[in-house]
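start05.txt (compact mmCIF, C-alpha atoms and all ligand atoms)
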```txt
# COMPACT_ATOMS: atom_id res chain seq x y z
CA MET A 1 190.11 103.73 163.80
CA SER A 2 188.61 102.27 166.97
CA THR A 3 185.31 100.39 167.09
CA PRO A 4 182.29 102.60 167.78
CA LEU A 5 180.56 101.87 171.07
CA VAL A 6 177.18 101.89 169.32
CA GLU A 7 176.59 101.65 165.61
CA ALA A 8 173.35 101.52 163.63
CA VAL A 9 173.39 99.94 160.18
CA ASN A 10 170.33 100.48 157.97
CA VAL A 11 167.97 100.36 160.93
CA LYS A 12 164.31 100.34 159.94
CA LYS A 13 161.23 100.29 162.12
CA TYR A 14 157.82 99.98 160.52
CA PHE A 15 154.53 99.75 162.42
CA LYS A 16 151.49 97.95 161.04
CA THR A 17 148.47 100.25 161.31
CA PRO A 18 144.88 99.85 160.11
CA ARG A 19 145.66 102.37 157.34
CA GLY A 20 148.85 100.67 156.18
CA LEU A 21 152.52 100.34 157.01
CA LEU A 22 153.87 103.31 158.96
CA HIS A 23 157.54 103.92 158.11
CA ALA A 24 158.61 105.39 161.45
CA VAL A 25 162.37 104.87 160.98
CA GLU A 26 163.88 104.43 157.55
CA ASP A 27 167.43 103.08 156.97
CA VAL A 28 169.19 104.95 159.72
CA ASN A 29 173.00 104.74 160.00
CA PHE A 30 175.24 106.28 162.65
CA LYS A 31 178.29 105.62 164.83
CA ILE A 32 178.69 106.78 168.41
CA PHE A 33 182.17 106.54 169.92
CA GLU A 34 183.06 106.28 173.60
CA GLY A 35 182.58 109.56 175.45
CA LYS A 36 180.73 111.17 172.53
CA THR A 37 177.20 112.47 171.98
CA LEU A 38 175.00 112.12 168.95
CA GLY A 39 172.17 114.66 168.95
CA VAL A 40 168.99 113.53 167.18
CA VAL A 41 166.75 116.40 166.12
CA GLY A 42 163.43 116.80 164.30
CA GLU A 43 159.82 117.80 164.81
CA SER A 44 157.41 115.80 166.92
CA GLY A 45 156.41 112.55 165.20
CA CYS A 46 159.52 112.24 163.00
CA GLY A 47 160.62 108.98 164.63
CA LYS A 48 163.20 110.03 167.24
CA SER A 49 161.77 108.07 170.16
CA THR A 50 161.09 105.06 167.96
CA LEU A 51 164.73 105.13 166.85
CA GLY A 52 166.00 105.37 170.44
CA ARG A 53 163.73 102.54 171.58
CA THR A 54 164.71 100.38 168.63
CA ILE A 55 168.43 100.85 169.38
CA LEU A 56 167.80 99.60 172.94
CA ARG A 57 165.51 96.79 171.70
CA LEU A 58 162.50 98.20 173.52
CA HIS A 59 161.07 97.84 169.99
CA GLU A 60 162.20 95.03 167.72
CA ALA A 61 163.73 96.50 164.55
CA THR A 62 162.03 95.66 161.24
CA SER A 63 165.49 95.19 159.71
CA GLY A 64 169.08 96.36 160.07
CA GLN A 65 171.77 95.90 162.70
CA VAL A 66 172.59 97.51 166.01
CA LEU A 67 176.21 96.91 166.96
CA TYR A 68 177.36 97.31 170.54
CA ASN A 69 181.17 97.07 170.73
CA GLY A 70 181.05 95.57 167.24
CA GLU A 71 178.46 92.85 168.04
CA ASN A 72 174.99 92.82 166.54
CA ILE A 73 172.76 92.82 169.62
CA LEU A 74 169.63 92.28 167.50
CA GLU A 75 170.79 88.67 167.18
CA TYR A 76 171.28 88.25 170.92
CA LYS A 77 169.13 85.76 172.79
CA LYS A 78 167.46 86.81 176.04
CA ARG A 79 170.40 85.87 178.27
CA GLU A 80 173.05 87.65 176.21
CA MET A 81 170.75 90.66 175.93
CA HIS A 82 170.31 90.75 179.70
CA LYS A 83 174.10 91.06 180.06
CA VAL A 84 174.37 94.15 177.84
CA GLN A 85 171.08 95.67 179.00
CA ARG A 86 172.56 97.43 182.00
CA ASN A 87 175.16 99.09 179.77
CA MET A 88 172.47 100.71 177.64
CA GLN A 89 169.93 102.74 179.56
CA MET A 90 167.29 105.33 178.74
CA ILE A 91 166.04 108.49 180.42
CA PHE A 92 162.73 110.10 179.48
CA GLN A 93 161.07 113.47 179.19
CA ASP A 94 158.88 112.95 182.23
CA PRO A 95 160.27 110.38 184.63
CA TYR A 96 157.20 110.94 186.82
CA SER A 97 155.15 108.32 185.02
CA SER A 98 157.85 105.70 185.52
CA LEU A 99 158.39 106.51 189.21
CA ASP A 100 156.24 104.47 191.61
CA PRO A 101 154.57 107.16 193.78
CA ARG A 102 154.71 104.88 196.84
CA MET A 103 158.49 104.51 196.76
CA SER A 104 160.99 106.87 198.38
CA VAL A 105 163.78 108.46 196.37
CA ARG A 106 166.36 106.06 197.79
CA ALA A 107 164.16 103.00 197.14
CA LEU A 108 163.54 104.18 193.58
CA ILE A 109 167.26 104.55 192.95
CA MET A 110 168.01 101.11 194.44
CA GLU A 111 165.25 99.42 192.45
CA PRO A 112 167.21 98.85 189.19
CA LEU A 113 169.82 96.95 191.22
CA GLU A 114 167.08 94.43 192.10
CA VAL A 115 165.45 94.31 188.68
CA VAL A 116 168.47 94.45 186.33
CA GLY A 117 171.53 94.18 188.57
CA THR A 118 175.17 94.92 187.81
CA GLY A 119 176.51 91.38 188.05
CA GLU A 120 178.03 92.00 191.50
CA LYS A 121 176.58 90.52 194.70
CA LEU A 122 175.65 93.34 197.03
CA SER A 123 174.19 93.27 200.53
CA LYS A 124 171.26 95.52 201.37
CA ALA A 125 173.64 97.91 203.15
CA GLU A 126 175.98 98.04 200.15
CA LYS A 127 173.03 98.79 197.87
CA ARG A 128 171.98 101.65 200.14
CA GLU A 129 175.52 102.98 200.15
CA LYS A 130 175.68 102.76 196.40
CA ALA A 131 172.34 104.56 196.05
CA ASP A 132 173.60 107.34 198.32
CA ARG A 133 176.77 107.72 196.25
CA ILE A 134 174.74 107.90 193.05
CA MET A 135 172.41 110.49 194.61
CA GLU A 136 175.40 112.68 195.30
CA LEU A 137 176.77 112.10 191.79
CA CYS A 138 173.43 113.25 190.35
CA GLY A 139 173.19 116.31 192.57
CA LEU A 140 170.42 115.00 194.82
CA PRO A 141 170.83 116.29 198.41
CA SER A 142 171.09 113.42 200.91
CA ASN A 143 168.12 114.77 202.91
CA HIS A 144 165.94 113.97 199.86
CA ALA A 145 166.46 110.21 200.23
CA ASN A 146 163.21 109.70 202.12
CA LEU A 147 161.04 112.02 200.01
CA TYR A 148 158.43 110.75 197.53
CA PRO A 149 158.15 111.69 193.84
CA HIS A 150 155.24 114.11 194.36
CA GLU A 151 157.41 116.11 196.77
CA LEU A 152 160.00 116.82 194.05
CA ASP A 153 160.00 119.43 191.27
CA GLY A 154 160.63 118.51 187.63
CA GLY A 155 164.39 119.05 187.79
CA LEU A 156 164.80 116.86 190.87
CA ARG A 157 162.58 114.17 189.34
CA GLN A 158 164.79 114.16 186.26
CA ARG A 159 167.80 113.73 188.56
CA VAL A 160 166.08 110.70 190.13
CA GLY A 161 165.43 109.29 186.63
CA LEU A 162 169.08 109.81 185.79
CA ALA A 163 170.23 108.27 189.10
CA ARG A 164 168.12 105.16 188.37
CA ALA A 165 169.99 104.76 185.10
CA MET A 166 173.41 105.66 186.53
CA ILE A 167 173.28 103.13 189.38
CA LEU A 168 173.70 100.38 186.78
CA GLU A 169 176.97 102.00 185.64
CA PRO A 170 175.91 102.17 181.99
CA LYS A 171 178.20 103.00 179.08
CA PHE A 172 175.49 104.39 176.81
CA LEU A 173 172.40 106.48 177.57
CA VAL A 174 169.53 107.31 175.26
CA CYS A 175 168.26 110.64 176.59
CA ASP A 176 164.78 111.16 175.13
CA GLU A 177 163.82 114.85 175.48
CA PRO A 178 165.17 114.86 179.06
CA VAL A 179 164.87 118.64 179.48
CA SER A 180 161.89 119.44 177.25
CA ALA A 181 159.44 119.65 180.15
CA LEU A 182 161.71 121.80 182.34
CA ASP A 183 162.12 125.55 182.83
CA VAL A 184 165.03 127.00 180.87
CA SER A 185 167.19 127.60 183.98
CA ILE A 186 166.64 124.01 185.16
CA GLN A 187 167.31 122.74 181.61
CA ALA A 188 170.83 124.17 181.80
CA GLN A 189 171.46 122.47 185.15
CA ILE A 190 170.45 119.06 183.83
CA LEU A 191 172.46 119.53 180.62
CA ASN A 192 175.51 120.51 182.68
CA LEU A 193 175.03 117.46 184.90
CA LEU A 194 174.87 115.21 181.84
CA MET A 195 178.06 116.76 180.45
CA ASP A 196 179.86 116.40 183.82
CA LEU A 197 178.83 112.74 184.02
CA GLN A 198 180.12 112.23 180.51
CA ASP A 199 183.50 113.78 181.39
CA ASN A 200 183.83 111.78 184.60
CA LYS A 201 182.55 108.42 183.40
CA GLY A 202 183.30 108.43 179.68
CA LEU A 203 179.60 107.94 178.91
CA SER A 204 178.21 108.03 175.38
CA TYR A 205 174.84 109.61 174.65
CA MET A 206 172.15 109.61 172.05
CA PHE A 207 170.46 112.89 172.90
CA ILE A 208 166.98 113.25 171.41
CA THR A 209 165.21 116.59 171.21
CA HIS A 210 162.84 118.59 169.02
CA ASP A 211 164.77 121.72 169.99
CA LEU A 212 167.96 122.26 168.00
CA ALA A 213 169.15 124.98 170.41
CA VAL A 214 169.28 122.44 173.25
CA VAL A 215 171.67 120.04 171.52
CA LYS A 216 174.20 122.54 170.18
CA HIS A 217 176.62 122.40 173.10
CA ILE A 218 176.07 118.85 174.28
CA SER A 219 176.45 117.15 170.87
CA ASP A 220 179.58 116.18 168.98
CA GLN A 221 177.50 115.22 165.96
CA ILE A 222 173.90 116.10 165.12
CA MET A 223 171.56 114.01 163.02
CA VAL A 224 168.47 115.71 161.60
CA MET A 225 165.43 113.51 160.93
CA TYR A 226 162.37 114.19 158.85
CA MET A 227 159.52 111.64 158.74
CA GLY A 228 161.75 108.73 159.63
CA GLN A 229 164.56 109.66 157.25
CA VAL A 230 167.92 111.13 158.19
CA ILE A 231 168.29 114.21 155.98
CA GLU A 232 171.53 115.65 157.38
CA LEU A 233 174.36 114.54 159.67
CA ALA A 234 177.37 116.66 160.63
CA THR A 235 179.42 117.85 163.58
CA SER A 236 177.53 120.29 165.74
CA ASP A 237 179.74 123.25 164.73
CA GLU A 238 179.47 122.45 161.03
CA LEU A 239 175.69 121.99 161.13
CA PHE A 240 175.13 125.36 162.79
CA LYS A 241 177.70 127.10 160.55
CA SER A 242 176.72 125.66 157.19
CA PRO A 243 173.42 123.80 157.13
CA LEU A 244 172.79 122.26 153.72
CA HIS A 245 169.30 120.78 153.73
CA PRO A 246 166.38 123.25 153.48
CA TYR A 247 164.73 121.54 156.46
CA THR A 248 167.81 122.03 158.65
CA ARG A 249 167.89 125.68 157.56
CA ALA A 250 164.27 126.06 158.56
CA LEU A 251 164.91 124.51 162.00
CA LEU A 252 167.85 126.87 162.52
CA ASN A 253 165.79 129.87 161.43
CA ALA A 254 163.25 128.98 164.08
CA ILE A 255 165.84 129.52 166.85
CA PRO A 256 165.70 133.08 168.21
CA THR A 257 169.14 134.51 167.57
CA ILE A 258 171.12 137.70 167.88
CA ASP A 259 173.83 136.26 165.63
CA LEU A 260 174.26 139.00 163.03
CA SER A 261 176.03 136.75 160.54
CA ARG A 262 172.82 134.75 160.21
CA ARG A 263 170.48 137.71 159.92
CA ASN A 264 170.99 138.26 156.25
CA ARG A 265 170.52 134.68 155.22
CA GLU A 266 167.56 133.99 153.04
CA LYS A 267 164.90 132.60 155.35
CA VAL A 268 163.40 129.17 154.94
CA THR A 269 160.26 128.92 157.04
CA LEU A 270 158.17 125.82 157.63
CA LYS A 271 154.60 125.62 156.43
CA GLY A 272 152.28 122.81 157.47
CA GLU A 273 153.45 120.01 159.74
CA VAL A 274 154.75 116.45 159.74
CA THR A 275 152.13 113.92 158.72
CA SER A 276 152.40 110.18 159.37
CA PRO A 277 154.49 108.35 156.78
CA ILE A 278 151.97 105.60 156.03
CA ASN A 279 152.73 103.76 152.77
CA PRO A 280 154.89 106.73 151.71
CA GLU A 281 155.52 107.47 148.05
CA PRO A 282 159.11 107.43 146.85
CA GLY A 283 161.00 110.69 146.97
CA CYS A 284 161.88 113.32 149.54
CA ARG A 285 159.28 113.39 152.30
CA PHE A 286 159.97 117.06 152.95
CA ALA A 287 159.18 118.11 149.35
CA LYS A 288 155.56 119.06 150.12
CA ARG A 289 156.76 121.74 152.54
CA CYS A 290 159.94 122.74 150.74
CA PRO A 291 160.29 126.09 148.93
CA PHE A 292 162.91 124.56 146.61
CA ALA A 293 160.93 121.44 145.59
CA SER A 294 161.21 120.34 141.96
CA GLU A 295 160.70 117.26 139.76
CA LYS A 296 163.94 115.65 140.94
CA CYS A 297 162.61 115.46 144.53
CA LYS A 298 160.40 112.57 143.39
CA GLN A 299 163.50 110.35 143.44
CA ASP A 300 164.39 108.70 146.74
CA PRO A 301 166.85 110.88 148.67
CA VAL A 302 170.36 109.54 149.23
CA LEU A 303 172.52 110.70 152.13
CA LYS A 304 175.80 111.79 150.51
CA GLU A 305 179.04 113.02 152.05
CA VAL A 306 179.03 116.56 150.67
CA ALA A 307 182.03 117.83 152.66
CA PRO A 308 184.35 115.78 154.91
CA GLY A 309 182.14 114.36 157.68
CA HIS A 310 179.12 116.37 156.49
CA PHE A 311 176.30 114.25 155.05
CA ALA A 312 173.08 115.53 153.49
CA THR A 313 170.36 114.28 151.14
CA CYS A 314 170.02 117.74 149.56
CA THR A 315 172.08 120.94 149.47
CA MET A 316 169.40 123.38 148.30
CA GLY A 317 169.37 124.99 151.74
CA ALA A 318 173.06 125.95 151.52
CA LYS A 319 173.91 129.62 151.32
N1 LIG A 401 153.78 101.74 168.94
C1 LIG A 401 153.44 102.43 167.84
N2 LIG A 401 152.51 101.94 166.96
C2 LIG A 401 152.18 102.60 165.83
N3 LIG A 401 152.73 103.78 165.47
C3 LIG A 401 153.65 104.33 166.30
C4 LIG A 401 154.06 103.69 167.52
N4 LIG A 401 154.99 104.46 168.12
C5 LIG A 401 155.16 105.54 167.33
N5 LIG A 401 154.36 105.46 166.23
C6 LIG A 401 154.31 106.43 165.11
O1 LIG A 401 155.63 106.53 164.59
C7 LIG A 401 155.91 107.88 164.22
C8 LIG A 401 157.13 108.35 164.98
O2 LIG A 401 156.77 108.50 166.35
P1 LIG A 401 157.86 108.87 167.47
O3 LIG A 401 159.03 107.99 167.33
O4 LIG A 401 157.17 108.88 168.78
O5 LIG A 401 158.27 110.37 167.06
P2 LIG A 401 159.05 111.49 167.89
O6 LIG A 401 159.68 110.84 169.06
O7 LIG A 401 160.04 112.06 166.93
O8 LIG A 401 158.02 112.51 168.28
C9 LIG A 401 154.65 108.68 164.50
O9 LIG A 401 153.91 108.77 163.29
C10 LIG A 401 153.94 107.84 165.54
O10 LIG A 401 152.54 108.04 165.48
MG MG A 402 159.46 111.33 171.11
```
Just give me the structure of the file as structure tokens.
Amino acid sequence: MSTPLVEAVNVKKYFKTPRGLLHAVEDVNFKIFEGKTLGVVGESGCGKSTLGRTILRLHEATSGQVLYNGENILEYKKREMHKVQRNMQMIFQDPYSSLDPRMSVRALIMEPLEVVGTGEKLSKAEKREKADRIMELCGLPSNHANLYPHELDGGLRQRVGLARAMILEPKFLVCDEPVSALDVSIQAQILNLLMDLQDNKGLSYMFITHDLAVVKHISDQIMVMYMGQVIELATSDELFKSPLHPYTRALLNAIPTIDLSRRNREKVTLKGEVTSPINPEPGCRFAKRCPFASEKCKQDPVLKEVAPGHFATCTMGAK
């Protein structure tokens, strides 16, 4: 078995708050291999962005390891970290806020070459050339090079955000809700672009979204989070075919579907919403909203391999 490109081992991220310790990410484990995509799904506030940021060291982990090519980057000093930084990039839901409104599209795409660099010495002209190549790669028409962010629609802005990451020739991208703010037709275009880039460049993705329907086709594996805990992890096909955890079932039920095979399944619907896990009690954090909750849910959930490659903390949602 080859080494995963990115691996998380018991990654925790807690935040100190005036009301106590907020357990945003609790003992998360995963492996992402070269050219593969891990989808990370769960409702708003469940810790997806915090996990993505912690993997890239935009937050310092509370404990655990993040291995890149088998090396724990959480132990890296500044200089070593700088070397791997360009390999691990992030794109966001709304790139607008990170795009300097006074810079043209081309200048924005060249900027990471100045700030992070790729290790190669490039002249100004070579940087421009490179930016133009990356624009083409990301589906940005060349006559857009001199436009400014406010002149672009959401889809084009997301392409600029992606181009700014791609110019560093990364190996791994954390995509944090990259299509959530876009119209459905534009969503598909950006998802297709991401999949094409993956095929051409062998990129690996962590693809974060609150919308399970969005990750179905792009993900090899899907990880479902609830209040900082991973409650289910399986291949995309397996998760959609036989969800085990009641929470996963509820998320799937929320997707509008004309799939007749699913129509007769007993429905699990979600009541209430995610609250902040501050000083959480032991046990399953979903129990308060779960139609199957019982005494045994007061024990801490353990992610078990229930079928080959299919992990879940609970199987009460299985049909
Ligand atoms: N910098 C921070 N300081 C304190 N709490 C935070 C911080 N960032 C996120 N949180 C809290 O951590 C939890 C997870 O947030 P987040 O990772 O943004 O969730 P998601 O991306 O799934 O919507 C939330 O309860 C949020 O309020
Ligand atoms: Mg988020």
Considering only C-alpha atoms, return as a PDB file with C-alpha atoms, in the coordinates of the input whatever protein or nucleic-acid residues lie within 12 Å of Val160 (chain A), sequence-local ones (same chain, fewer than 2 positions apart) excluded.
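Output (selection_11.pdb):
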```pdb
ATOM      1  CA  ILE A  91     166.040 108.490 180.420  1.00  0.00           C
ATOM      2  CA  PHE A  92     162.730 110.100 179.480  1.00  0.00           C
ATOM      3  CA  ASP A  94     158.880 112.950 182.230  1.00  0.00           C
ATOM      4  CA  PRO A  95     160.270 110.380 184.630  1.00  0.00           C
ATOM      5  CA  TYR A  96     157.200 110.940 186.820  1.00  0.00           C
ATOM      6  CA  SER A  98     157.850 105.700 185.520  1.00  0.00           C
ATOM      7  CA  LEU A  99     158.390 106.510 189.210  1.00  0.00           C
ATOM      8  CA  ASP A 100     156.240 104.470 191.610  1.00  0.00           C
ATOM      9  CA  MET A 103     158.490 104.510 196.760  1.00  0.00           C
ATOM     10  CA  SER A 104     160.990 106.870 198.380  1.00  0.00           C
ATOM     11  CA  VAL A 105     163.780 108.460 196.370  1.00  0.00           C
ATOM     12  CA  ARG A 106     166.360 106.060 197.790  1.00  0.00           C
ATOM     13  CA  ALA A 107     164.160 103.000 197.140  1.00  0.00           C
ATOM     14  CA  LEU A 108     163.540 104.180 193.580  1.00  0.00           C
ATOM     15  CA  ILE A 109     167.260 104.550 192.950  1.00  0.00           C
ATOM     16  CA  MET A 110     168.010 101.110 194.440  1.00  0.00           C
ATOM     17  CA  GLU A 111     165.250  99.420 192.450  1.00  0.00           C
ATOM     18  CA  PRO A 112     167.210  98.850 189.190  1.00  0.00           C
ATOM     19  CA  ALA A 131     172.340 104.560 196.050  1.00  0.00           C
ATOM     20  CA  ASP A 132     173.600 107.340 198.320  1.00  0.00           C
ATOM     21  CA  ILE A 134     174.740 107.900 193.050  1.00  0.00           C
ATOM     22  CA  MET A 135     172.410 110.490 194.610  1.00  0.00           C
ATOM     23  CA  GLU A 136     175.400 112.680 195.300  1.00  0.00           C
ATOM     24  CA  LEU A 137     176.770 112.100 191.790  1.00  0.00           C
ATOM     25  CA  CYS A 138     173.430 113.250 190.350  1.00  0.00           C
ATOM     26  CA  GLY A 139     173.190 116.310 192.570  1.00  0.00           C
ATOM     27  CA  LEU A 140     170.420 115.000 194.820  1.00  0.00           C
ATOM     28  CA  PRO A 141     170.830 116.290 198.410  1.00  0.00           C
ATOM     29  CA  HIS A 144     165.940 113.970 199.860  1.00  0.00           C
ATOM     30  CA  ALA A 145     166.460 110.210 200.230  1.00  0.00           C
ATOM     31  CA  LEU A 147     161.040 112.020 200.010  1.00  0.00           C
ATOM     32  CA  TYR A 148     158.430 110.750 197.530  1.00  0.00           C
ATOM     33  CA  PRO A 149     158.150 111.690 193.840  1.00  0.00           C
ATOM     34  CA  LEU A 152     160.000 116.820 194.050  1.00  0.00           C
ATOM     35  CA  ASP A 153     160.000 119.430 191.270  1.00  0.00           C
ATOM     36  CA  GLY A 154     160.630 118.510 187.630  1.00  0.00           C
ATOM     37  CA  GLY A 155     164.390 119.050 187.790  1.00  0.00           C
ATOM     38  CA  LEU A 156     164.800 116.860 190.870  1.00  0.00           C
ATOM     39  CA  ARG A 157     162.580 114.170 189.340  1.00  0.00           C
ATOM     40  CA  GLN A 158     164.790 114.160 186.260  1.00  0.00           C
ATOM     41  CA  LEU A 162     169.080 109.810 185.790  1.00  0.00           C
ATOM     42  CA  ALA A 163     170.230 108.270 189.100  1.00  0.00           C
ATOM     43  CA  ARG A 164     168.120 105.160 188.370  1.00  0.00           C
ATOM     44  CA  ALA A 165     169.990 104.760 185.100  1.00  0.00           C
ATOM     45  CA  MET A 166     173.410 105.660 186.530  1.00  0.00           C
ATOM     46  CA  ILE A 167     173.280 103.130 189.380  1.00  0.00           C
ATOM     47  CA  PRO A 178     165.170 114.860 179.060  1.00  0.00           C
ATOM     48  CA  ILE A 190     170.450 119.060 183.830  1.00  0.00           C
TER      49      ILE A 190
END
```
Residues up to 10 Å from ligand MG 402 (chain A), counting all atoms listed in the file: could you list those as a list in words?
Gly42, Glu43, Ser44, Gly45, Cys46, Gly47, Lys48, Ser49, Thr50, Leu51, Gly52, Arg53, Phe92, Gln93, Asp176, Glu177, Ile208, Thr209 and His210 of chain A
Dump as a compact mmCIF listing (two decimals), in the coordinates of the input, selection limited to C-alpha atoms:
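Output saved as part-v6.txt:
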```
# COMPACT_ATOMS: atom_id res chain seq x y z
CA GLY A 42 163.43 116.80 164.30
CA GLU A 43 159.82 117.80 164.81
CA SER A 44 157.41 115.80 166.92
CA GLY A 45 156.41 112.55 165.20
CA CYS A 46 159.52 112.24 163.00
CA GLY A 47 160.62 108.98 164.63
CA LYS A 48 163.20 110.03 167.24
CA SER A 49 161.77 108.07 170.16
CA THR A 50 161.09 105.06 167.96
CA LEU A 51 164.73 105.13 166.85
CA GLY A 52 166.00 105.37 170.44
CA ARG A 53 163.73 102.54 171.58
CA PHE A 92 162.73 110.10 179.48
CA GLN A 93 161.07 113.47 179.19
CA ASP A 176 164.78 111.16 175.13
CA GLU A 177 163.82 114.85 175.48
CA ILE A 208 166.98 113.25 171.41
CA THR A 209 165.21 116.59 171.21
CA HIS A 210 162.84 118.59 169.02
```
So how many Å separate CA of Met225 (chain A) and CA of Leu173 (chain A), to one decimal?
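Distance between the two atoms: 19.4 Å.
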So which residues touch Glu238 (chain A) within 9 Å, counting only C-alpha atoms, skipping near sequence neighbours fewer than 5 positions away, as JSON, numbers by chain?
{"A": [221, 243, 310]}
Write out as number ranges by chain each polymer residue whose atoms come within 7 Å of region 28-32 of chain A, counting only C-alpha atoms; drop sequence neighbours fewer than 3 positions from it.
A: 4-12, 25, 36-38, 230
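Between ligand LIG 401 (chain A) and the candidates A:Val41, A:Met81, A:Ala254, A:Met88, the tightest atom-to-atom separation, counting only C-alpha atoms and all ligand atoms, involves A:Val41.
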Using only C-alpha atoms and all ligand atoms, which of the listed residues (A:Gly161, A:Gly119, A:Pro246, A:Pro277) sits closest to ligand LIG 401 (chain A)?
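The answer is A:Pro277, which sits nearest to ligand LIG 401 (chain A).
If you look at CA of Val115 (chain A) and CA of Leu58 (chain A), they are 15.9 Å away from each other.
Each of A:Asn143, A:Ser185, A:Ser242, A:Ser180 was checked against ligand LIG 401 (chain A) using only C-alpha atoms and all ligand atoms; the smallest atom-to-atom distance is that of A:Ser180.
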Give me the box for ligand LIG 401 (chain A) as AutoDock Vina command-line options, namely the centre and edge lengths in Å to one decimal of a box along x, y and z that holds every listed atom plus 6 Å on each side.
```
--center_x 156.1 --center_y 107.1 --center_z 166.2 --size_x 19.9 --size_y 22.8 --size_z 17.8
```
Selection: 10 Å around Pro170 (chain A), only C-alpha atoms, excl. self and same-chain fewer than 4 positions, as JSON, numbers by chain
{"A": [84, 85, 86, 87, 88, 89, 90, 118, 165, 166, 201, 202, 203, 204]}
Expected file contents, prior selection, C-alpha atoms, as an mmCIF file, keeping the file's coordinate frame:
```
data_model
loop_
_atom_site.group_PDB
_atom_site.id
_atom_site.type_symbol
_atom_site.label_atom_id
_atom_site.label_comp_id
_atom_site.auth_asym_id
_atom_site.auth_seq_id
_atom_site.Cartn_x
_atom_site.Cartn_y
_atom_site.Cartn_z
ATOM 1 C CA VAL A 84 174.370 94.150 177.840
ATOM 2 C CA GLN A 85 171.080 95.670 179.000
ATOM 3 C CA ARG A 86 172.560 97.430 182.000
ATOM 4 C CA ASN A 87 175.160 99.090 179.770
ATOM 5 C CA MET A 88 172.470 100.710 177.640
ATOM 6 C CA GLN A 89 169.930 102.740 179.560
ATOM 7 C CA MET A 90 167.290 105.330 178.740
ATOM 8 C CA THR A 118 175.170 94.920 187.810
ATOM 9 C CA ALA A 165 169.990 104.760 185.100
ATOM 10 C CA MET A 166 173.410 105.660 186.530
ATOM 11 C CA LYS A 201 182.550 108.420 183.400
ATOM 12 C CA GLY A 202 183.300 108.430 179.680
ATOM 13 C CA LEU A 203 179.600 107.940 178.910
ATOM 14 C CA SER A 204 178.210 108.030 175.380
#
```
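Computed from the coordinates, the CA of Asn279 (chain A) to CA of Ala312 (chain A) distance equals 23.5 Å.
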Need the shell around Lys83 (chain A): protein/DNA/RNA residues with any atom at most 12 Å away, counting all atoms listed in the file. Skip same-chain ones fewer than 6 positions apart. Format as a list in words?
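In the requested format, the answer is Tyr68, Ile73, Tyr76, Lys77, Val116, Gly117, Thr118, Gly119, Leu168 and Pro170 of chain A.
You can rank A:Ala61, A:Leu113, A:Met223, A:Ala234 by their closest distance to Tyr14 (chain A) using all atoms listed in the file, and at the top of that list sits A:Ala61.
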